[in-house]
file start_20.cif (mmCIF, C-alpha atoms and all ligand atoms)
data_protein
loop_
_atom_site.label_atom_id
_atom_site.label_comp_id
_atom_site.auth_asym_id
_atom_site.auth_seq_id
_atom_site.Cartn_x
_atom_site.Cartn_y
_atom_site.Cartn_z
CA MET A 1 -9.89 -11.04 7.97
CA ILE A 2 -11.91 -10.94 4.75
CA ASP A 3 -11.23 -7.40 3.57
CA LEU A 4 -13.76 -6.08 1.06
CA ARG A 5 -13.04 -2.37 1.53
CA SER A 6 -11.03 -1.99 -1.67
CA ASP A 7 -8.86 -3.83 -4.17
CA THR A 8 -5.99 -1.69 -2.87
CA VAL A 9 -5.73 -4.04 0.13
CA THR A 10 -4.27 -6.83 -2.03
CA LYS A 11 -0.88 -8.04 -0.87
CA PRO A 12 2.00 -9.00 -3.14
CA CYS A 13 2.16 -12.77 -3.58
CA ALA A 14 5.29 -14.85 -2.98
CA GLN A 15 6.29 -14.94 -6.67
CA MET A 16 5.88 -11.17 -6.93
CA ARG A 17 8.11 -10.68 -3.90
CA GLN A 18 10.64 -13.01 -5.48
CA VAL A 19 10.88 -11.03 -8.72
CA MET A 20 11.13 -7.85 -6.66
CA ALA A 21 14.03 -9.25 -4.66
CA ALA A 22 15.79 -10.41 -7.82
CA ALA A 23 15.14 -7.26 -9.91
CA GLU A 24 18.01 -5.74 -11.85
CA VAL A 25 18.20 -2.10 -10.84
CA GLY A 26 19.97 1.16 -11.61
CA ASP A 27 19.50 4.85 -10.90
CA ASP A 28 16.23 5.72 -12.64
CA VAL A 29 16.89 9.46 -12.34
CA PHE A 30 19.72 8.77 -14.84
CA GLY A 31 17.33 6.56 -16.83
CA ASP A 32 19.52 3.61 -15.84
CA ASP A 33 17.06 1.26 -14.22
CA PRO A 34 16.44 -1.58 -16.70
CA THR A 35 13.40 -2.86 -14.83
CA VAL A 36 11.71 0.55 -14.72
CA ASN A 37 12.49 0.95 -18.43
CA ALA A 38 11.03 -2.48 -19.17
CA LEU A 39 7.88 -1.69 -17.19
CA GLN A 40 7.42 1.62 -19.00
CA GLN A 41 7.91 -0.07 -22.36
CA LYS A 42 5.50 -2.85 -21.52
CA ALA A 43 2.84 -0.40 -20.30
CA ALA A 44 3.24 1.72 -23.45
CA GLU A 45 2.86 -1.36 -25.67
CA LEU A 46 -0.16 -2.68 -23.78
CA THR A 47 -1.97 0.65 -23.90
CA GLY A 48 -1.03 1.43 -27.51
CA HIS A 49 1.03 4.52 -26.74
CA GLU A 50 4.56 5.66 -27.66
CA ALA A 51 5.91 6.20 -24.19
CA ALA A 52 5.20 5.79 -20.50
CA LEU A 53 6.35 7.05 -17.11
CA PHE A 54 6.35 5.20 -13.81
CA ALA A 55 4.83 7.16 -10.91
CA PRO A 56 4.58 6.25 -7.24
CA SER A 57 0.77 6.65 -7.13
CA GLY A 58 -2.29 7.06 -9.32
CA THR A 59 -2.92 10.46 -7.81
CA GLN A 60 0.50 11.65 -8.92
CA SER A 61 0.14 10.03 -12.33
CA ASN A 62 -3.21 11.77 -12.93
CA LEU A 63 -1.80 15.07 -11.69
CA LEU A 64 1.17 14.74 -14.07
CA ALA A 65 -1.32 14.28 -16.91
CA LEU A 66 -3.38 17.33 -15.96
CA LEU A 67 -0.23 19.44 -15.60
CA ALA A 68 1.15 18.24 -18.93
CA HIS A 69 -2.13 18.86 -20.81
CA CYS A 70 -3.08 22.19 -19.23
CA GLN A 71 -1.27 25.45 -18.56
CA ARG A 72 -2.00 27.89 -15.77
CA GLY A 73 -5.47 29.37 -16.36
CA ASP A 74 -6.64 26.43 -18.45
CA GLU A 75 -9.63 24.29 -17.61
CA TYR A 76 -10.46 20.59 -17.63
CA ILE A 77 -13.97 19.16 -17.76
CA VAL A 78 -14.42 16.26 -15.38
CA GLY A 79 -17.04 14.23 -13.49
CA GLN A 80 -18.39 15.66 -10.25
CA ASP A 81 -17.49 12.40 -8.49
CA ALA A 82 -14.39 11.65 -10.57
CA HIS A 83 -11.17 10.79 -8.80
CA THR A 84 -9.30 13.48 -10.80
CA TYR A 85 -11.67 16.10 -9.40
CA LYS A 86 -12.95 14.97 -6.04
CA TYR A 87 -10.35 12.69 -4.52
CA GLU A 88 -6.97 14.20 -5.35
CA GLY A 89 -6.86 17.02 -2.83
CA GLY A 90 -7.49 19.71 -5.44
CA GLY A 91 -3.92 19.17 -6.68
CA ALA A 92 -4.54 20.45 -10.19
CA ALA A 93 -5.87 23.76 -8.81
CA VAL A 94 -3.28 24.08 -6.05
CA LEU A 95 -0.17 23.08 -7.99
CA GLY A 96 -1.15 23.80 -11.59
CA SER A 97 -3.56 26.75 -11.33
CA ILE A 98 -5.84 24.62 -13.48
CA GLN A 99 -9.56 25.17 -13.11
CA PRO A 100 -11.85 22.15 -12.97
CA GLN A 101 -15.30 22.27 -14.55
CA PRO A 102 -17.09 19.37 -12.89
CA ILE A 103 -20.34 17.96 -14.28
CA GLU A 104 -22.58 15.13 -13.10
CA PHE A 105 -21.97 11.63 -14.38
CA GLU A 106 -24.66 10.00 -16.48
CA LYS A 107 -26.10 6.76 -15.08
CA ASP A 108 -23.57 4.70 -17.03
CA GLY A 109 -20.62 6.70 -15.70
CA SER A 110 -20.03 8.65 -18.89
CA LEU A 111 -20.06 12.44 -19.21
CA SER A 112 -22.77 13.59 -21.62
CA LEU A 113 -20.94 15.03 -24.62
CA GLU A 114 -23.93 17.37 -25.18
CA LEU A 115 -23.40 18.76 -21.69
CA VAL A 116 -19.62 18.90 -22.11
CA LYS A 117 -20.17 20.90 -25.30
CA ARG A 118 -22.26 23.45 -23.42
CA LYS A 119 -19.53 23.80 -20.79
CA ILE A 120 -16.71 24.54 -23.24
CA LYS A 121 -15.87 28.19 -22.72
CA PRO A 122 -15.90 30.66 -25.62
CA ASN A 123 -12.54 32.07 -26.69
CA ASP A 124 -13.00 35.34 -24.87
CA HIS A 125 -11.11 37.20 -22.13
CA HIS A 126 -13.82 36.39 -19.57
CA TYR A 127 -13.09 32.71 -19.56
CA ALA A 128 -10.53 30.09 -18.75
CA ARG A 129 -9.35 28.11 -21.80
CA THR A 130 -11.08 24.73 -21.92
CA ARG A 131 -8.32 22.30 -22.79
CA LEU A 132 -9.09 18.81 -21.64
CA LEU A 133 -11.79 16.24 -21.06
CA SER A 134 -10.91 13.85 -18.22
CA ILE A 135 -12.88 10.59 -18.00
CA GLU A 136 -12.65 7.51 -15.79
CA ASN A 137 -12.99 3.79 -16.68
CA THR A 138 -14.19 1.84 -14.81
CA VAL A 139 -16.11 4.41 -12.84
CA SER A 140 -17.39 3.02 -9.52
CA GLY A 141 -17.03 -0.43 -11.03
CA LYS A 142 -18.94 0.48 -14.21
CA PRO A 143 -17.18 -0.08 -17.51
CA LEU A 144 -17.86 2.76 -19.97
CA PRO A 145 -19.61 1.61 -23.15
CA MET A 146 -17.06 1.01 -25.94
CA ALA A 147 -19.03 3.21 -28.36
CA TYR A 148 -18.81 6.12 -25.92
CA LEU A 149 -15.01 6.03 -26.10
CA SER A 150 -15.05 6.48 -29.88
CA ASP A 151 -17.65 9.24 -29.55
CA ALA A 152 -15.55 11.02 -26.94
CA ARG A 153 -12.46 10.77 -29.18
CA LYS A 154 -14.32 12.25 -32.13
CA PHE A 155 -15.84 14.95 -29.94
CA CYS A 156 -12.48 16.02 -28.51
CA ASP A 157 -10.96 16.16 -32.00
CA GLU A 158 -13.82 18.34 -33.23
CA HIS A 159 -13.48 20.72 -30.30
CA GLY A 160 -9.71 20.83 -29.94
CA LEU A 161 -9.69 19.17 -26.52
CA GLY A 162 -7.22 16.66 -25.15
CA LEU A 163 -8.68 13.42 -23.77
CA HIS A 164 -7.28 11.90 -20.57
CA LEU A 165 -8.37 8.60 -19.08
CA ASP A 166 -8.05 7.86 -15.41
CA GLY A 167 -7.67 4.15 -16.00
CA ALA A 168 -7.03 3.11 -12.42
CA ARG A 169 -9.21 0.06 -13.17
CA VAL A 170 -9.14 0.06 -16.96
CA PHE A 171 -8.02 -3.59 -17.00
CA ASN A 172 -11.31 -4.49 -15.32
CA ALA A 173 -13.10 -2.64 -18.13
CA ALA A 174 -11.11 -4.51 -20.79
CA VAL A 175 -11.81 -7.87 -19.14
CA TYR A 176 -15.51 -6.98 -18.87
CA HIS A 177 -15.77 -6.08 -22.57
CA GLN A 178 -13.45 -8.95 -23.56
CA VAL A 179 -11.22 -6.60 -25.52
CA ALA A 180 -7.50 -5.84 -25.41
CA VAL A 181 -6.87 -2.91 -23.08
CA LYS A 182 -5.40 -0.94 -25.99
CA ASP A 183 -8.81 -1.04 -27.71
CA ILE A 184 -9.85 1.30 -24.90
CA THR A 185 -6.68 3.22 -24.11
CA SER A 186 -5.27 3.92 -27.58
CA LYS A 187 -8.28 6.20 -28.23
CA MET A 188 -7.04 8.49 -25.46
CA ASP A 189 -4.30 11.12 -25.57
CA SER A 190 -3.14 9.89 -22.21
CA VAL A 191 -4.01 7.19 -19.73
CA SER A 192 -3.02 6.53 -16.15
CA ILE A 193 -3.11 2.90 -15.05
CA CYS A 194 -2.85 1.67 -11.45
CA LEU A 195 -0.72 -1.35 -10.62
CA SER A 196 -1.70 -1.30 -6.96
CA LYS A 197 -5.41 -2.08 -7.24
CA GLY A 198 -6.67 -5.37 -8.66
CA LEU A 199 -3.27 -6.04 -10.20
CA GLY A 200 -1.89 -6.51 -6.73
CA THR A 201 1.41 -4.60 -6.50
CA PRO A 202 2.39 -2.74 -3.32
CA LEU A 203 2.46 0.60 -5.16
CA GLY A 204 2.84 2.31 -8.48
CA SER A 205 1.01 3.69 -11.48
CA VAL A 206 2.05 4.31 -15.06
CA LEU A 207 1.16 7.29 -17.23
CA CYS A 208 1.12 6.56 -20.97
CA GLY A 209 0.99 8.92 -23.94
CA SER A 210 3.03 10.35 -26.81
CA LYS A 211 6.81 10.81 -26.45
CA GLU A 212 6.37 14.56 -26.31
CA PHE A 213 3.64 14.33 -23.70
CA ILE A 214 5.64 11.97 -21.50
CA HIS A 215 8.68 14.26 -21.79
CA GLU A 216 6.53 17.08 -20.41
CA ALA A 217 5.06 14.85 -17.68
CA HIS A 218 8.59 13.79 -16.69
CA LYS A 219 9.53 17.41 -15.95
CA TRP A 220 6.44 17.76 -13.80
CA ARG A 221 7.27 14.54 -11.97
CA LYS A 222 10.65 16.06 -11.07
CA MET A 223 8.95 19.20 -9.77
CA LEU A 224 6.56 17.08 -7.69
CA GLY A 225 9.54 15.27 -6.19
CA GLY A 226 8.57 11.98 -7.78
CA GLY A 227 12.01 10.98 -9.10
CA MET A 228 13.05 7.63 -7.66
CA ARG A 229 16.41 5.84 -7.70
CA GLN A 230 16.55 2.00 -7.73
CA ALA A 231 12.82 1.93 -8.40
CA GLY A 232 13.20 -1.33 -10.33
CA ILE A 233 12.44 -3.16 -7.10
CA VAL A 234 8.84 -1.91 -7.29
CA ALA A 235 8.72 -1.77 -11.09
CA ALA A 236 9.46 -5.51 -11.08
CA ALA A 237 6.20 -6.03 -9.22
CA GLY A 238 4.43 -3.99 -11.89
CA LEU A 239 5.95 -6.03 -14.70
CA TYR A 240 4.96 -9.23 -12.94
CA ALA A 241 1.40 -7.89 -12.53
CA LEU A 242 1.06 -6.88 -16.19
CA GLU A 243 2.28 -10.31 -17.24
CA ASN A 244 0.32 -12.43 -14.76
CA ASN A 245 -2.54 -10.62 -13.08
CA ILE A 246 -4.70 -9.15 -15.85
CA SER A 247 -6.61 -12.15 -17.17
CA ARG A 248 -7.32 -13.43 -13.65
CA LEU A 249 -9.46 -10.31 -12.98
CA VAL A 250 -12.29 -12.31 -14.51
CA GLU A 251 -12.32 -14.40 -11.31
CA ASP A 252 -12.99 -11.25 -9.27
CA HIS A 253 -15.85 -10.33 -11.62
CA GLU A 254 -17.31 -13.84 -11.31
CA ASN A 255 -17.02 -13.73 -7.51
CA ALA A 256 -18.68 -10.29 -7.50
CA ALA A 257 -21.53 -11.56 -9.70
CA TRP A 258 -21.97 -14.61 -7.47
CA LEU A 259 -21.97 -12.44 -4.33
CA ALA A 260 -24.45 -9.95 -5.84
CA ASN A 261 -26.76 -12.80 -6.76
CA GLU A 262 -26.63 -14.32 -3.27
CA LEU A 263 -27.06 -10.98 -1.49
CA ALA A 264 -30.05 -10.11 -3.68
CA SER A 265 -32.02 -12.90 -2.04
CA ILE A 266 -31.35 -11.69 1.52
CA GLU A 267 -34.10 -9.65 3.11
CA GLY A 268 -32.79 -6.33 4.42
CA LEU A 269 -30.33 -5.86 1.57
CA LYS A 270 -30.89 -4.34 -1.85
CA VAL A 271 -28.27 -4.87 -4.53
CA ILE A 272 -27.84 -1.63 -6.49
CA ASN A 273 -25.45 -2.82 -9.17
CA GLN A 274 -22.52 -5.06 -10.07
CA PHE A 275 -20.61 -4.94 -13.34
CA THR A 276 -16.98 -5.77 -12.61
CA ASN A 277 -15.30 -6.32 -9.23
CA MET A 278 -17.56 -4.11 -7.12
CA VAL A 279 -20.93 -4.86 -5.61
CA PHE A 280 -22.99 -1.89 -4.42
CA VAL A 281 -25.58 -2.71 -1.82
CA GLU A 282 -28.11 -0.72 0.11
CA TYR A 283 -28.63 -1.81 3.69
CA LEU A 284 -32.26 -1.61 4.80
CA GLY A 285 -32.04 -3.46 8.13
CA GLU A 286 -32.75 -2.29 11.65
CA LEU A 287 -29.18 -1.73 12.80
CA THR A 288 -27.48 1.46 11.63
CA ALA A 289 -25.19 0.86 8.67
CA ALA A 290 -22.22 1.52 10.98
CA ASP A 291 -23.43 -1.06 13.52
CA PHE A 292 -23.99 -3.55 10.72
CA ALA A 293 -20.39 -2.99 9.58
CA ASN A 294 -19.16 -3.37 13.18
CA ARG A 295 -21.02 -6.66 13.59
CA LEU A 296 -19.40 -7.93 10.40
CA PHE A 297 -16.01 -6.74 11.59
CA GLU A 298 -16.41 -8.75 14.80
CA GLN A 299 -16.97 -11.77 12.56
CA GLY A 300 -13.81 -11.10 10.56
CA ILE A 301 -15.28 -9.22 7.60
CA ASN A 302 -14.12 -5.69 6.90
CA ILE A 303 -16.36 -3.39 4.86
CA CYS A 304 -16.84 0.35 4.40
CA ALA A 305 -20.39 1.32 5.18
CA GLY A 306 -21.67 4.71 4.09
CA GLU A 307 -24.94 5.57 2.40
CA GLN A 308 -24.28 2.55 0.24
CA ILE A 309 -22.11 -0.43 1.01
CA ARG A 310 -19.38 -1.08 -1.53
CA LEU A 311 -17.97 -4.59 -1.55
CA VAL A 312 -14.80 -4.92 -3.59
CA LEU A 313 -13.58 -8.29 -4.85
CA HIS A 314 -9.91 -8.91 -5.50
CA LYS A 315 -7.28 -11.60 -5.82
CA ASP A 316 -7.03 -12.20 -2.07
CA ILE A 317 -10.75 -13.09 -1.81
CA SER A 318 -11.78 -16.62 -2.80
CA ARG A 319 -15.22 -18.03 -3.60
CA GLN A 320 -15.10 -19.71 -0.19
CA ASP A 321 -14.59 -16.28 1.40
CA CYS A 322 -17.64 -15.05 -0.53
CA GLN A 323 -19.64 -17.94 0.89
CA THR A 324 -18.47 -17.01 4.40
CA VAL A 325 -19.59 -13.41 3.79
CA VAL A 326 -23.06 -14.54 2.70
CA ASP A 327 -23.42 -16.94 5.65
CA THR A 328 -22.26 -14.30 8.13
CA ILE A 329 -24.62 -11.63 6.78
CA LYS A 330 -27.53 -14.08 6.92
CA ARG A 331 -26.69 -14.86 10.52
CA ILE A 332 -26.45 -11.19 11.52
CA LEU A 333 -29.67 -10.18 9.76
C1 LIG B 1 -7.19 4.54 -6.70
C2 LIG B 1 -7.59 5.44 -7.78
C3 LIG B 1 -6.70 6.37 -8.31
C4 LIG B 1 -5.29 6.54 -7.82
O1 LIG B 1 -5.16 6.49 -6.49
P1 LIG B 1 -3.79 6.27 -5.68
O2 LIG B 1 -4.30 5.80 -4.37
O3 LIG B 1 -3.14 7.59 -5.65
O4 LIG B 1 -2.95 5.26 -6.38
C5 LIG B 1 -7.15 7.16 -9.35
N1 LIG B 1 -8.38 7.03 -9.84
C6 LIG B 1 -9.26 6.13 -9.37
C7 LIG B 1 -10.61 6.01 -9.99
C8 LIG B 1 -8.90 5.32 -8.32
O5 LIG B 1 -9.77 4.43 -7.84
#

call {"tool": "encode", "arguments": {"input": "start_20.cif", "output": "structure tokens"}}
result
Amino acid sequence: MIDLRSDTVTKPCAQMRQVMAAAEVGDDVFGDDPTVNALQQKAAELTGHEAALFAPSGTQSNLLALLAHCQRGDEYIVGQDAHTYKYEGGGAAVLGSIQPQPIEFEKDGSLSLELVKRKIKPNDHHYARTRLLSIENTVSGKPLPMAYLSDARKFCDEHGLGLHLDGARVFNAAVYHQVAVKDITSKMDSVSICLSKGLGTPLGSVLCGSKEFIHEAHKWRKMLGGGMRQAGIVAAAGLYALENNISRLVEDHENAAWLANELASIEGLKVINQFTNMVFVEYLGELTAADFANRLFEQGINICAGEQIRLVLHKDISRQDCQTVVDTIKRIL
């Protein structure tokens, strides 16, 4: 099966499984797991932050950040279609009594700082306290412009806001811009990175920030039940991924660009965009989008078809697979 639904479908490779099996472990609730500690240190160094905390998922890592930045009755400004607003079950509101103020993304995936400014609440008893700006990079495969990150930093400093980055795919952004990831992430007060997407681990995310911030996040992780014991077995996969799987993301971007280019010449498909490892396509053919997806599935290609089709490239998809996808689509259409 050629699975293009997401980069979360990647499976740990043999070497990754080997380092997992051989990992030195201890009880991480005592702070005793050397592999977890090494992963946290490595993630902090890479992102240009003082400290880091391993979390079982990106959703939990983002929630820890929101809870550590905001108190009950505070507000965060966030994209209408951002993961930290739309796709995390309303956790910040349910568990933190934190109010989201969602706004539409600009075309490039940024949040207009002009618009954010207008949404900041006055210091008055009518309003929640606006505390945080939460951004995402990449956002639906789009890398935020580097200049925007500096502008957002300056803006948050001027307005007394914290700045959180949902960096589930920030390594794709760094590879796209050909910069070190810390050139992006060190401008943030906090960043959550996912190890389980393009980096190919079975699970895990890391939240990075100042020592004080991570101390606070650690307490919240305990309250969310996210303390783990010999977690070095999974942290070892994360360490392996940070050491081996970042620079290879360029292959996924090249495969995505190749696929976008090939699909653009097929009648019945319209390529919407491709920047990093995702290709967005509109299906204009005679079958329903669902039937089109079913036909592909019968031929061994798994995609999610909604209003738009999102094809996600990752380490388990080769150029040959991409060729098979193109040939199969041509045959079906
Ligand atoms: C996947 C993802 C997350 C975290 O999701 P988990 O499935 O909880 O690891 C956060 N933000 C974005 C943009 C994501 O794509």

call {"tool": "closest_residue", "arguments": {"input": "start_20.cif", "among": "A:Gly141, A:Pro102, A:Gly31, A:Gly96", "to": "ligand LIG 1 (chain B)", "atoms": "only C-alpha atoms and all ligand atoms"}}
result
A:Gly141

call {"tool": "residues_near_ligand", "arguments": {"input": "start_20.cif", "ligand": "ligand LIG 1 (chain B)", "cutoff": "7 Å", "atoms": "all atoms listed in the file", "output": "list of chain:residue names"}}
result
A:Ser57, A:Gly58, A:Thr59, A:Gln60, A:Ala82, A:His83, A:Thr84, A:Glu136, A:Val139, A:Asp166, A:Gly167, A:Ala168, A:Arg169, A:Cys194, A:Ser196, A:Lys197, A:Gly204, A:Ser205

call {"tool": "write_last_selection", "arguments": {"input": "start_20.cif", "atoms": "C-alpha atoms", "output": "PDB file, in the coordinates of the input"}}
result
ATOM      1  CA  SER A  57       0.770   6.650  -7.130  1.00  0.00           C
ATOM      2  CA  GLY A  58      -2.290   7.060  -9.320  1.00  0.00           C
ATOM      3  CA  THR A  59      -2.920  10.460  -7.810  1.00  0.00           C
ATOM      4  CA  GLN A  60       0.500  11.650  -8.920  1.00  0.00           C
ATOM      5  CA  ALA A  82     -14.390  11.650 -10.570  1.00  0.00           C
ATOM      6  CA  HIS A  83     -11.170  10.790  -8.800  1.00  0.00           C
ATOM      7  CA  THR A  84      -9.300  13.480 -10.800  1.00  0.00           C
ATOM      8  CA  GLU A 136     -12.650   7.510 -15.790  1.00  0.00           C
ATOM      9  CA  VAL A 139     -16.110   4.410 -12.840  1.00  0.00           C
ATOM     10  CA  ASP A 166      -8.050   7.860 -15.410  1.00  0.00           C
ATOM     11  CA  GLY A 167      -7.670   4.150 -16.000  1.00  0.00           C
ATOM     12  CA  ALA A 168      -7.030   3.110 -12.420  1.00  0.00           C
ATOM     13  CA  ARG A 169      -9.210   0.060 -13.170  1.00  0.00           C
ATOM     14  CA  CYS A 194      -2.850   1.670 -11.450  1.00  0.00           C
ATOM     15  CA  SER A 196      -1.700  -1.300  -6.960  1.00  0.00           C
ATOM     16  CA  LYS A 197      -5.410  -2.080  -7.240  1.00  0.00           C
ATOM     17  CA  GLY A 204       2.840   2.310  -8.480  1.00  0.00           C
ATOM     18  CA  SER A 205       1.010   3.690 -11.480  1.00  0.00           C
TER      19      SER A 205
END

call {"tool": "residues_around", "arguments": {"input": "start_20.cif", "residues": "Tyr76 (chain A)", "least_positions_apart": "5", "cutoff": "9 Å", "atoms": "only C-alpha atoms", "output": "number ranges by chain"}}
result
A: 66, 70, 98-102, 129-134

call {"tool": "closest_residue", "arguments": {"input": "start_20.cif", "among": "A:Cys13, A:Ile272, A:Val191, A:Val19", "to": "Asp316 (chain A)", "atoms": "only C-alpha atoms"}}
result
A:Cys13

call {"tool": "residues_around", "arguments": {"input": "start_20.cif", "residues": "region 207-216 of chain A", "least_positions_apart": "4", "cutoff": "8 Å", "atoms": "all atoms listed in the file", "output": "list in words"}}
result
Ala43, Ala44, Thr47, His49, Glu50, Ala51, Ala52, Leu53, Phe54, Ala55, Ser61, Asn62, Ala65, Ala68, His69, Asp189, Ser190, Val191, Ser192, Ile193 and Trp220 of chain A

call {"tool": "atom_distance", "arguments": {"input": "start_20.cif", "atom1": "CA of Ala236 (chain A)", "atom2": "CA of Lys187 (chain A)"}}
result
27.3 Å

call {"tool": "residues_near_point", "arguments": {"input": "start_20.cif", "point": "(-16.3, -9.4, 10.3)", "cutoff": "12 Å", "atoms": "only C-alpha atoms", "output": "PyMOL selection string"}}
result
chain A and resi 1-5+291-304+321+324-329+331-332

call {"tool": "closest_residue", "arguments": {"input": "start_20.cif", "among": "A:Ile103, A:Arg248, A:Gly162, A:Asn273", "to": "Ala260 (chain A)", "atoms": "all atoms listed in the file"}}
result
A:Asn273

call {"tool": "closest_residue", "arguments": {"input": "start_20.cif", "among": "A:Asp27, A:Phe155, A:Leu239, A:Lys119", "to": "Thr201 (chain A)", "atoms": "all atoms listed in the file"}}
result
A:Leu239

call {"tool": "atom_distance", "arguments": {"input": "start_20.cif", "atom1": "CA of Thr35 (chain A)", "atom2": "CA of Gly238 (chain A)"}}
result
9.5 Å

call {"tool": "closest_residue", "arguments": {"input": "start_20.cif", "among": "A:Val36, A:Leu144, A:Val312, A:Ala305", "to": "Lys107 (chain A)", "atoms": "only C-alpha atoms"}}
result
A:Leu144

call {"tool": "atom_distance", "arguments": {"input": "start_20.cif", "atom1": "CA of Tyr148 (chain A)", "atom2": "CA of His164 (chain A)"}}
result
14.0 Å

call {"tool": "residues_around", "arguments": {"input": "start_20.cif", "residues": "Met223 (chain A)", "least_positions_apart": "4", "cutoff": "12 Å", "atoms": "only C-alpha atoms", "output": "compact mmCIF listing (two decimals) with C-alpha atoms, keeping the file's coordinate frame"}}
result
# COMPACT_ATOMS: atom_id res chain seq x y z
CA GLN A 60 0.50 11.65 -8.92
CA LEU A 63 -1.80 15.07 -11.69
CA LEU A 64 1.17 14.74 -14.07
CA LEU A 67 -0.23 19.44 -15.60
CA LEU A 95 -0.17 23.08 -7.99
CA GLY A 96 -1.15 23.80 -11.59
CA GLU A 216 6.53 17.08 -20.41
CA ALA A 217 5.06 14.85 -17.68
CA HIS A 218 8.59 13.79 -16.69
CA LYS A 219 9.53 17.41 -15.95
CA GLY A 227 12.01 10.98 -9.10

call {"tool": "closest_residue", "arguments": {"input": "start_20.cif", "among": "A:Glu75, A:Gly90, A:Asp81, A:Phe105", "to": "Lys121 (chain A)", "atoms": "all atoms listed in the file"}}
result
A:Glu75

call {"tool": "residues_around", "arguments": {"input": "start_20.cif", "residues": "Leu269 (chain A)", "least_positions_apart": "4", "cutoff": "9 Å", "atoms": "only C-alpha atoms", "output": "number ranges by chain"}}
result
A: 263-265, 281-285

call {"tool": "axis_aligned_box", "arguments": {"input": "start_20.cif", "around": "region 230-248 of chain A", "padding_each_side": "6 Å", "output": "AutoDock Vina command-line options"}}
result
--center_x 4.6 --center_y -5.7 --center_z -12.2 --size_x 35.9 --size_y 27.4 --size_z 22.1

call {"tool": "residues_around", "arguments": {"input": "start_20.cif", "residues": "Ala256 (chain A)", "least_positions_apart": "5", "cutoff": "9 Å", "atoms": "only C-alpha atoms", "output": "PDB file with C-alpha atoms, in the frame of the given file"}}
result
ATOM      1  CA  GLU A 251     -12.320 -14.400 -11.310  1.00  0.00           C
ATOM      2  CA  ASN A 261     -26.760 -12.800  -6.760  1.00  0.00           C
ATOM      3  CA  GLN A 274     -22.520  -5.060 -10.070  1.00  0.00           C
ATOM      4  CA  PHE A 275     -20.610  -4.940 -13.340  1.00  0.00           C
ATOM      5  CA  THR A 276     -16.980  -5.770 -12.610  1.00  0.00           C
ATOM      6  CA  ASN A 277     -15.300  -6.320  -9.230  1.00  0.00           C
ATOM      7  CA  MET A 278     -17.560  -4.110  -7.120  1.00  0.00           C
ATOM      8  CA  VAL A 279     -20.930  -4.860  -5.610  1.00  0.00           C
ATOM      9  CA  LEU A 311     -17.970  -4.590  -1.550  1.00  0.00           C
ATOM     10  CA  VAL A 312     -14.800  -4.920  -3.590  1.00  0.00           C
ATOM     11  CA  LEU A 313     -13.580  -8.290  -4.850  1.00  0.00           C
ATOM     12  CA  CYS A 322     -17.640 -15.050  -0.530  1.00  0.00           C
TER      13      CYS A 322
END

call {"tool": "decode", "arguments": {"input": "start_20.cif", "residues": "region 186-194 of chain A", "atoms": "N, CA, C and O atoms", "output": "CSV table (one decimal), in the first residue's frame"}}
result
chain,number,residue,atom,x,y,z
A,186,SER,N,14.3,29.7,17.8
A,186,SER,CA,14.8,30.5,18.9
A,186,SER,C,14.1,31.9,19.0
A,186,SER,O,14.2,32.5,20.1
A,187,LYS,N,13.3,32.3,18.0
A,187,LYS,CA,12.6,33.5,18.1
A,187,LYS,C,11.3,33.4,18.9
A,187,LYS,O,10.6,34.4,19.2
A,188,MET,N,11.0,32.1,19.2
A,188,MET,CA,9.7,31.9,19.9
A,188,MET,C,10.0,31.8,21.4
A,188,MET,O,11.1,31.5,21.9
A,189,ASP,N,8.9,32.0,22.2
A,189,ASP,CA,9.1,31.7,23.7
A,189,ASP,C,9.0,30.2,23.9
A,189,ASP,O,9.5,29.7,24.9
A,190,SER,N,8.2,29.5,23.1
A,190,SER,CA,8.1,28.1,23.2
A,190,SER,C,7.8,27.5,21.9
A,190,SER,O,7.3,28.1,21.0
A,191,VAL,N,8.3,26.2,21.7
A,191,VAL,CA,8.0,25.5,20.5
A,191,VAL,C,7.7,24.0,20.8
A,191,VAL,O,8.4,23.4,21.7
A,192,SER,N,6.7,23.5,20.1
A,192,SER,CA,6.5,22.1,20.2
A,192,SER,C,6.9,21.4,18.9
A,192,SER,O,6.5,21.9,17.8
A,193,ILE,N,7.7,20.4,19.0
A,193,ILE,CA,8.1,19.7,17.8
A,193,ILE,C,7.6,18.3,17.8
A,193,ILE,O,7.5,17.7,18.9
A,194,CYS,N,7.2,17.7,16.7
A,194,CYS,CA,6.7,16.4,16.6
A,194,CYS,C,7.8,15.5,16.1
A,194,CYS,O,8.5,15.8,15.1
